[in-house]
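Source file: run_23.cif; contents: mmCIF, C-alpha atoms.
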```cif
data_start
#
loop_
_atom_site.label_atom_id
_atom_site.label_comp_id
_atom_site.auth_asym_id
_atom_site.auth_seq_id
_atom_site.Cartn_x
_atom_site.Cartn_y
_atom_site.Cartn_z
CA MET A 1 105.40 -55.03 -1.80
CA ALA A 2 104.23 -58.49 -0.68
CA ALA A 3 101.10 -58.67 -2.82
CA PRO A 4 102.74 -57.96 -6.18
CA GLU A 5 105.56 -60.41 -5.47
CA LYS A 6 103.02 -63.15 -4.88
CA LEU A 7 101.17 -62.20 -8.01
CA LYS A 8 104.29 -62.30 -10.17
CA LYS A 9 104.19 -66.13 -9.95
CA PRO A 10 100.59 -67.12 -10.85
CA LYS A 11 99.55 -70.69 -10.66
CA THR A 12 99.35 -72.20 -14.15
CA GLU A 13 97.80 -75.55 -14.64
CA ARG A 14 99.87 -77.85 -16.73
CA CYS A 15 98.31 -79.00 -19.93
CA ASP A 16 97.91 -82.60 -20.50
CA GLU A 17 100.17 -84.26 -23.02
CA GLY A 18 97.24 -85.07 -25.25
CA GLU A 19 96.00 -81.45 -25.58
CA ASP A 20 97.21 -78.97 -28.19
CA THR A 21 100.07 -76.59 -27.50
CA GLU A 22 98.12 -73.60 -28.85
CA THR A 23 95.34 -73.91 -26.29
CA CYS A 24 97.92 -74.16 -23.51
CA GLU A 25 99.69 -71.01 -24.72
CA THR A 26 96.43 -69.01 -24.87
CA ALA A 27 95.49 -70.11 -21.33
CA THR A 28 98.87 -69.06 -19.95
CA GLU A 29 98.65 -65.70 -21.75
CA ASN A 30 95.18 -65.02 -20.29
CA GLU A 31 96.39 -65.84 -16.78
CA GLN A 32 99.40 -63.55 -17.22
CA ASP A 33 97.13 -60.68 -18.41
CA ASP A 34 94.87 -61.11 -15.34
CA ALA A 35 97.86 -61.05 -13.05
CA LYS A 36 99.20 -57.87 -14.69
CA GLN A 37 95.80 -56.13 -14.31
CA VAL A 38 95.67 -57.00 -10.60
CA GLU A 39 99.23 -55.70 -10.12
CA GLN A 40 98.37 -52.45 -11.93
CA ASN A 41 95.27 -51.94 -9.73
CA ILE A 42 97.30 -52.43 -6.56
CA ILE A 43 100.02 -50.10 -7.84
CA THR A 44 97.45 -47.39 -8.74
CA LYS A 45 95.88 -47.67 -5.26
CA ASN A 46 99.26 -47.40 -3.56
CA ARG A 47 100.15 -44.52 -5.86
CA GLU A 48 97.03 -42.57 -4.85
CA VAL A 49 97.78 -43.14 -1.17
CA ASN A 50 101.37 -42.03 -1.65
CA LEU A 51 100.28 -38.96 -3.62
CA GLN A 52 97.85 -37.99 -0.89
CA ALA A 53 100.59 -38.44 1.74
CA TYR A 54 102.96 -36.41 -0.46
CA ARG A 55 100.42 -33.58 -0.73
CA ASP A 56 99.85 -33.59 3.04
CA LEU A 57 103.58 -33.52 3.73
CA LEU A 58 104.03 -30.76 1.13
CA ASN A 59 101.38 -28.61 2.83
CA GLU A 60 102.92 -29.32 6.21
CA SER A 61 106.38 -28.40 4.90
CA MET A 62 105.02 -25.13 3.46
CA PHE A 63 103.38 -24.31 6.78
CA LEU A 64 106.61 -25.11 8.63
CA GLN A 65 108.61 -23.01 6.13
CA ILE A 66 106.30 -20.01 6.74
CA ARG A 67 106.60 -20.49 10.48
CA ASN A 68 110.37 -20.77 10.16
CA ASN A 69 110.50 -17.51 8.19
CA VAL A 70 108.36 -15.73 10.79
CA LEU A 71 110.58 -16.99 13.59
CA HIS A 72 113.71 -15.91 11.67
CA ARG A 73 112.23 -12.42 11.28
CA ARG A 74 111.40 -12.20 14.97
CA LEU A 75 114.88 -13.40 15.87
CA ALA A 76 116.42 -10.81 13.53
CA GLU A 77 114.28 -8.02 15.07
CA TYR A 78 115.30 -9.19 18.55
CA TYR A 79 119.02 -9.09 17.65
CA ARG A 80 118.60 -5.66 16.02
CA LYS A 81 116.93 -4.31 19.14
CA ARG A 82 119.76 -5.70 21.26
CA GLU A 83 122.30 -4.22 18.81
CA LEU A 84 123.83 -7.64 18.09
CA ASP A 85 124.63 -7.15 14.43
CA HIS A 86 127.64 -9.48 14.60
CA VAL A 87 125.20 -12.42 14.67
CA PHE A 88 124.20 -11.75 11.03
CA LYS A 89 127.79 -11.76 9.80
CA PRO A 90 129.21 -15.03 8.35
CA PHE A 91 131.22 -17.03 10.85
CA GLN A 92 134.95 -17.32 10.22
CA GLY A 93 137.35 -20.08 11.20
CA THR A 94 135.33 -23.12 10.08
CA ALA A 95 138.50 -25.05 9.12
CA ASP A 96 139.90 -24.65 12.63
CA LEU A 97 136.62 -25.79 14.07
CA GLU A 98 136.62 -28.88 11.83
CA LYS A 99 140.14 -29.74 13.00
CA LYS A 100 139.08 -29.28 16.59
CA TYR A 101 136.05 -31.46 15.95
CA GLN A 102 138.25 -34.23 14.48
CA GLN A 103 140.56 -33.98 17.48
CA LYS A 104 137.60 -34.24 19.81
CA LEU A 105 136.39 -37.34 17.94
CA MET A 106 139.82 -38.96 18.23
CA SER A 107 139.94 -38.18 21.94
CA TYR A 108 136.42 -39.55 22.28
CA GLU A 109 137.47 -42.83 20.62
CA GLU A 110 140.50 -43.11 22.91
CA LEU A 111 138.32 -42.42 25.92
CA LYS A 112 135.81 -45.02 24.74
CA GLU A 113 138.53 -47.67 24.38
CA LYS A 114 139.89 -46.74 27.78
CA THR A 115 136.44 -47.05 29.36
CA GLU A 116 135.93 -50.44 27.69
CA ARG A 117 139.26 -51.66 29.10
CA GLU A 118 138.31 -50.33 32.53
CA ILE A 119 134.92 -52.07 32.30
CA ILE A 120 136.65 -55.38 31.46
CA ASP A 121 139.03 -54.92 34.42
CA MET A 122 136.14 -54.09 36.70
CA ARG A 123 134.25 -57.19 35.55
CA SER A 124 137.25 -59.41 36.23
CA LYS A 125 137.70 -57.81 39.66
CA THR A 126 134.01 -58.21 40.45
CA CYS A 127 134.16 -61.90 39.42
CA ALA A 128 137.14 -62.44 41.73
CA VAL A 129 135.36 -60.62 44.57
CA GLU A 130 132.17 -62.66 43.97
CA ASN A 131 134.13 -65.94 44.08
CA ASN A 132 135.81 -64.80 47.30
CA ILE A 133 132.45 -63.86 48.78
CA ILE A 134 130.93 -67.22 47.77
CA GLY A 135 133.84 -69.10 49.41
CA ARG A 136 133.53 -67.06 52.60
CA LEU A 137 129.78 -67.58 52.61
CA GLU A 138 130.16 -71.35 52.30
CA GLY A 139 132.71 -71.34 55.11
CA ALA A 140 130.44 -69.23 57.31
CA GLU A 141 127.49 -71.57 56.60
CA LYS A 142 129.59 -74.59 57.52
CA LYS A 143 130.73 -72.95 60.74
CA PHE A 144 127.13 -71.96 61.54
CA ILE A 145 125.94 -75.55 60.94
CA ALA A 146 128.73 -76.85 63.17
CA PHE A 147 127.79 -74.27 65.81
CA GLN A 148 124.13 -75.40 65.65
CA ASN A 149 125.16 -79.08 65.99
CA LEU A 150 127.26 -78.13 68.99
CA GLU A 151 124.29 -76.29 70.51
CA ARG A 152 122.03 -79.31 69.80
CA SER A 153 124.48 -81.68 71.46
CA ILE A 154 124.79 -79.37 74.47
CA GLY A 155 121.03 -78.80 74.83
CA THR A 156 119.92 -82.46 74.69
CA GLY A 157 120.91 -83.29 78.30
CA LEU A 158 119.85 -80.06 79.97
CA ILE A 159 117.22 -79.92 82.78
CA TYR A 160 114.80 -77.15 83.77
CA SER A 161 115.96 -75.52 87.03
CA GLU A 162 112.44 -74.80 88.26
CA LYS A 163 110.68 -78.05 87.29
CA GLY A 164 113.60 -80.46 87.32
CA LYS A 165 112.48 -82.10 84.07
CA PRO A 166 114.78 -82.68 81.11
CA ILE A 167 114.35 -80.52 78.00
CA ALA A 168 112.79 -82.39 75.08
CA ASP A 169 114.61 -82.79 71.76
CA LYS A 170 111.73 -81.13 69.90
CA THR A 171 112.09 -77.92 71.92
CA VAL A 172 115.84 -77.87 71.30
CA SER A 173 115.36 -78.36 67.55
CA ARG A 174 112.61 -75.71 67.58
CA PHE A 175 114.93 -73.22 69.31
CA ILE A 176 117.71 -74.04 66.85
CA THR A 177 115.42 -73.59 63.80
CA LEU A 178 114.11 -70.34 65.29
CA GLN A 179 117.70 -69.19 65.81
CA ALA A 180 118.51 -70.06 62.18
CA GLN A 181 115.47 -68.13 60.94
CA LYS A 182 116.33 -65.13 63.05
CA SER A 183 119.94 -65.23 61.88
CA GLU A 184 118.76 -65.35 58.26
CA GLN A 185 116.43 -62.40 58.89
CA ALA A 186 119.25 -60.50 60.59
CA SER A 187 121.61 -61.24 57.68
CA THR A 188 119.02 -60.14 55.09
CA LEU A 189 118.29 -56.97 57.07
CA SER A 190 121.99 -56.23 57.48
CA LEU A 191 122.50 -56.82 53.75
CA ARG A 192 119.60 -54.51 52.93
CA TYR A 193 121.01 -51.94 55.32
CA ILE A 194 124.47 -52.18 53.73
CA ARG A 195 123.02 -51.87 50.23
CA ALA A 196 120.86 -48.91 51.24
CA ARG A 197 123.84 -47.29 52.98
CA ASN A 198 126.04 -47.77 49.94
CA ALA A 199 123.29 -46.49 47.63
CA VAL A 200 122.78 -43.45 49.85
CA ALA A 201 126.54 -42.80 49.91
CA GLU A 202 126.70 -43.10 46.11
CA LEU A 203 123.71 -40.81 45.66
CA GLU A 204 125.19 -38.30 48.09
CA ALA A 205 128.48 -38.39 46.18
CA VAL A 206 126.61 -37.93 42.89
CA VAL A 207 124.61 -35.06 44.35
CA ARG A 208 127.80 -33.43 45.62
CA LYS A 209 129.41 -33.83 42.20
CA LEU A 210 126.30 -32.39 40.54
CA GLU A 211 126.15 -29.53 42.99
CA ILE A 212 129.81 -28.66 42.47
CA MET A 213 130.16 -27.18 38.97
CA GLY A 214 133.73 -26.03 39.41
CA PRO A 215 136.24 -24.76 41.95
CA GLY A 216 134.26 -22.58 44.32
CA LEU A 217 131.01 -22.93 42.31
CA SER A 218 127.90 -24.89 43.26
CA VAL A 219 124.44 -25.42 41.81
CA HIS A 220 122.55 -23.33 44.33
CA GLN A 221 124.97 -20.45 43.69
CA TYR A 222 124.38 -20.88 39.96
CA GLU A 223 120.60 -20.92 40.50
CA GLN A 224 120.85 -17.84 42.69
CA LEU A 225 122.99 -16.10 40.08
CA ASN A 226 120.55 -17.18 37.37
CA ILE A 227 117.63 -15.76 39.35
CA GLU A 228 119.57 -12.54 39.92
CA ASN A 229 120.40 -12.42 36.20
CA LYS A 230 116.72 -12.78 35.33
CA ASN A 231 115.82 -10.08 37.84
CA PHE A 232 118.48 -7.77 36.41
CA LYS A 233 117.26 -8.48 32.87
CA ASN A 234 113.72 -7.61 33.92
CA LYS A 235 115.00 -4.47 35.61
CA ILE A 236 116.98 -3.56 32.47
CA GLU A 237 113.87 -4.02 30.34
CA GLU A 238 111.89 -1.89 32.77
CA ARG A 239 114.62 0.76 32.70
CA GLU A 240 114.63 0.65 28.91
CA ASP A 241 110.87 1.20 28.91
CA GLU A 242 111.37 4.04 31.37
CA LEU A 243 114.11 5.49 29.15
CA ILE A 244 111.79 5.37 26.15
CA LYS A 245 109.10 7.14 28.18
CA ASN A 246 111.63 9.67 29.46
CA ARG A 247 112.84 10.31 25.91
CA ALA A 248 109.29 10.97 24.82
CA LYS A 249 108.85 13.25 27.83
CA CYS A 250 112.14 15.04 26.99
CA THR A 251 110.99 15.72 23.44
CA GLY A 252 107.70 17.07 24.84
CA HIS A 253 109.55 19.19 27.41
CA ASN A 254 111.90 20.53 24.72
CA GLN A 255 108.91 21.64 22.70
CA ILE A 256 107.44 23.24 25.81
CA LEU A 257 110.76 25.00 26.51
CA ALA A 258 110.87 26.36 22.96
CA HIS A 259 107.33 27.66 23.38
CA ILE A 260 108.29 29.17 26.77
CA ARG A 261 111.31 30.87 25.20
CA GLU A 262 109.10 32.47 22.56
CA LYS A 263 106.78 33.63 25.31
CA MET A 264 109.79 34.85 27.31
CA HIS A 265 110.90 37.10 24.44
CA GLN A 266 107.39 38.52 24.25
CA THR A 267 107.32 39.02 28.02
CA GLU A 268 110.73 40.77 27.91
CA GLU A 269 109.31 43.21 25.39
CA LEU A 270 106.30 43.72 27.61
CA ILE A 271 108.63 44.22 30.61
CA ASP A 272 110.53 46.96 28.73
CA ILE A 273 107.26 48.69 27.86
CA SER A 274 106.03 48.31 31.43
CA GLU A 275 109.34 49.74 32.77
CA CYS A 276 108.83 52.83 30.62
CA ASP A 277 105.29 53.10 31.92
CA LEU A 278 106.65 52.59 35.44
CA GLY A 279 108.96 55.62 35.02
CA ASP A 280 106.00 57.73 33.96
CA PHE A 281 103.98 56.43 36.89
CA GLU A 282 106.83 57.24 39.30
CA ILE A 283 106.88 60.84 38.05
CA GLU A 284 103.12 61.02 38.51
CA TYR A 285 103.55 59.41 41.91
CA LYS A 286 106.03 62.10 42.98
CA ASN A 287 103.64 64.82 41.77
CA CYS A 288 100.79 63.16 43.60
CA ARG A 289 102.89 62.98 46.75
CA GLY A 290 103.51 66.73 46.50
CA HIS A 291 99.80 67.38 46.10
CA LEU A 292 99.13 64.99 48.98
CA GLY A 293 101.54 66.95 51.24
CA GLU A 294 99.76 70.18 50.41
CA ALA A 295 96.37 68.51 51.07
CA LYS A 296 97.67 67.26 54.41
CA MET A 297 98.79 70.76 55.34
CA LYS A 298 95.33 72.10 54.52
CA ARG A 299 93.77 69.26 56.50
CA ASN A 300 95.91 70.05 59.54
CA ARG A 301 94.97 73.73 59.30
CA LEU A 302 91.27 72.86 59.09
CA ARG A 303 91.70 70.44 62.00
CA TRP A 304 93.29 73.16 64.11
CA LEU A 305 90.48 75.60 63.24
CA LEU A 306 87.88 72.92 64.07
CA GLU A 307 89.50 72.29 67.45
CA ALA A 308 89.47 76.01 68.19
CA GLU A 309 85.79 76.21 67.24
CA GLN A 310 85.05 73.20 69.41
CA LYS A 311 86.77 74.87 72.34
CA LYS A 312 84.67 77.94 71.72
CA ALA A 313 81.47 75.90 71.49
CA GLY A 314 82.17 74.22 74.83
CA LEU A 315 79.53 71.64 75.68
CA LEU A 316 77.83 71.87 72.31
CA THR A 317 80.40 69.52 70.89
CA ARG A 318 79.08 66.58 72.99
CA LYS A 319 75.95 64.90 71.67
CA ASP A 320 74.71 63.49 74.98
CA LEU A 321 74.87 66.91 76.59
CA LEU A 322 73.05 68.45 73.65
CA ARG A 323 70.43 65.73 73.93
CA ASP A 324 69.96 66.42 77.67
CA PHE A 325 69.81 70.13 76.98
CA GLN A 326 67.14 69.63 74.34
CA ASN A 327 65.14 67.38 76.63
CA ALA A 328 65.40 69.93 79.44
CA ARG A 329 64.17 72.75 77.14
CA ASP A 330 61.29 70.51 76.01
CA GLU A 331 60.35 69.88 79.66
CA VAL A 332 60.56 73.60 80.44
CA VAL A 333 58.20 74.36 77.58
CA THR A 334 55.75 71.68 78.72
CA LEU A 335 55.96 72.91 82.29
CA GLN A 336 55.32 76.51 81.14
CA LYS A 337 52.27 75.35 79.26
CA ALA A 338 51.08 73.43 82.33
CA LYS A 339 51.75 76.51 84.44
CA GLU A 340 49.72 78.75 82.14
CA ALA A 341 46.90 76.18 82.16
CA LEU A 342 46.98 76.03 85.95
CA GLN A 343 47.08 79.82 86.19
CA SER A 344 44.05 80.17 83.90
CA GLN A 345 42.28 77.50 85.94
CA ILE A 346 43.16 79.34 89.18
CA VAL A 347 41.88 82.60 87.75
CA SER A 348 38.63 80.95 86.67
CA THR A 349 38.16 79.23 90.04
CA SER A 350 38.95 82.47 91.95
CA ARG A 351 36.42 84.31 89.82
CA GLN A 352 33.82 81.66 90.46
CA LEU A 353 34.66 81.79 94.14
CA ARG A 354 34.15 85.57 94.24
CA GLU A 355 30.91 85.28 92.43
CA ALA A 356 29.85 82.58 94.80
CA ARG A 357 30.78 84.82 97.80
CA ASN A 358 28.99 87.75 96.36
CA ASN A 359 25.89 85.68 95.89
CA THR A 360 26.08 84.44 99.40
CA TYR A 361 26.28 88.04 100.83
CA PHE A 362 23.27 89.11 98.96
#
```
For the structure just supplied, provide its representation as structure tokens.
Amino acid sequence: MAAPEKLKKPKTERCDEGEDTETCETATENEQDDAKQVEQNIITKNREVNLQAYRDLLNESMFLQIRNNVLHRRLAEYYRKRELDHVFKPFQGTADLEKKYQQKLMSYEELKEKTEREIIDMRSKTCAVENNIIGRLEGAEKKFIAFQNLERSIGTGLIYSEKGKPIADKTVSRFITLQAQKSEQASTLSLRYIRARNAVAELEAVVRKLEIMGPGLSVHQYEQLNIENKNFKNKIEEREDELIKNRAKCTGHNQILAHIREKMHQTEELIDISECDLGDFEIEYKNCRGHLGEAKMKRNRLRWLLEAEQKKAGLLTRKDLLRDFQNARDEVVTLQKAKEALQSQIVSTSRQLREARNNTYF
């Protein structure tokens, strides 16, 4: 701590040579006591802060331990459901794995040294290539400057074909500077294009390497297989749920079948009883058929007698003829009554006529 270290060396005023040694010793002791009290206060404050941090970390560790236990239980239940009991068994072959790990570390160190050597070689090659590029660039600049001087010397004595006036030196220098600017722009654009092309080629190569996971295997095939694996896992879980439901249904159906078998035994007993009753009913049926044949014979005889009687009765068997006959008899009766009434009226009128004649003669 910075504060206690500063307080370990308190400033003590030197006593004058004329003063007593006892007073100087008491002053130094008092200053040392004050410094110790200040150090103790700082230490107690830091101790309380550290204790509070320790308590917080202890609570957090307990919470994380509980969470870890819960997750371990869930993981154990998951492996038990998947019937992966070999996960709980202790792993064997740790010594072989340690040897393999040491071998891998040794190979990693060799590979690291090899990569460092390759990096050094690449740096030396890049330095040589950069020096070569710088020399070529200087040569190209010199040639370009010489080419511009040649153009300037050629363009100073030229004349316009239309106007016939000589071209000014300012215009020639302006064209040359414009040409230099355009060449610089073209070089920068070509350099940008080359860099972009190289970057694109590198990225395409990286993408191809990333896409190719092995001989005949690519990333999109892996993603497709992963998606199919997830789909199959979901289907397997659905089928497992369906199997659980079907097992529950099978247990229910087995209980129903047992109940149906009990009922079947009862129904077989009832069928035997009903077959016995059926035999009795068949005997009664045969007797009833015999009685029915006799009744039919009697019916036929009565029918024949009725037909004979109907033939004897003639027209009396038809209702409309009987009705007409009855109506005709009723009319005859009414006509007879009308006749008798007319006859009595004729007799009375003839008597009155005679009396009237007799009266007229007298």
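Reported to one decimal place, the separation of CA of Glu77 (chain A) from CA of Asp241 (chain A) is 17.0 Å.
Summary of the local environment: counting only C-alpha atoms, residues at most 12 Å from region 127-143 of chain A, other than itself and those fewer than 5 positions away along its chain, are Ile120, Asp121, Met122, Gln148, Asn149, Leu150, Ala180, Ser183, Glu184 and Ser187 of chain A.
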Could you write out as lines of an AutoDock Vina configuration file the box around region 291-300 of chain A (axis-aligned, all atoms listed in the file, 8 Å on each side), with centre and edge lengths in Å to one decimal?
```
center_x = 97.7
center_y = 68.5
center_z = 52.8
size_x = 23.8
size_y = 23.1
size_z = 29.4
```
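Reported to one decimal place, the separation of CA of Ser107 (chain A) from CA of Glu211 (chain A) is 26.6 Å.
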Problem set entry | the PyMOL selection byres ((chain A and resi 172) around 10) applied to the shown file, residues as number ranges by chain | A: 151-156, 158, 167-171, 173-178
Problem set entry | Polymer residues at most 10 Å from Lys209 (chain A), only C-alpha atoms, same-chain spacing of 5 or more positions, as a list of chain:residue names | A:Leu203, A:Glu204, A:Gly214, A:Ser218, A:Val219
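The two atoms in question, CA of Leu210 (chain A) and CA of Asn226 (chain A), are spaced 16.6 Å apart.
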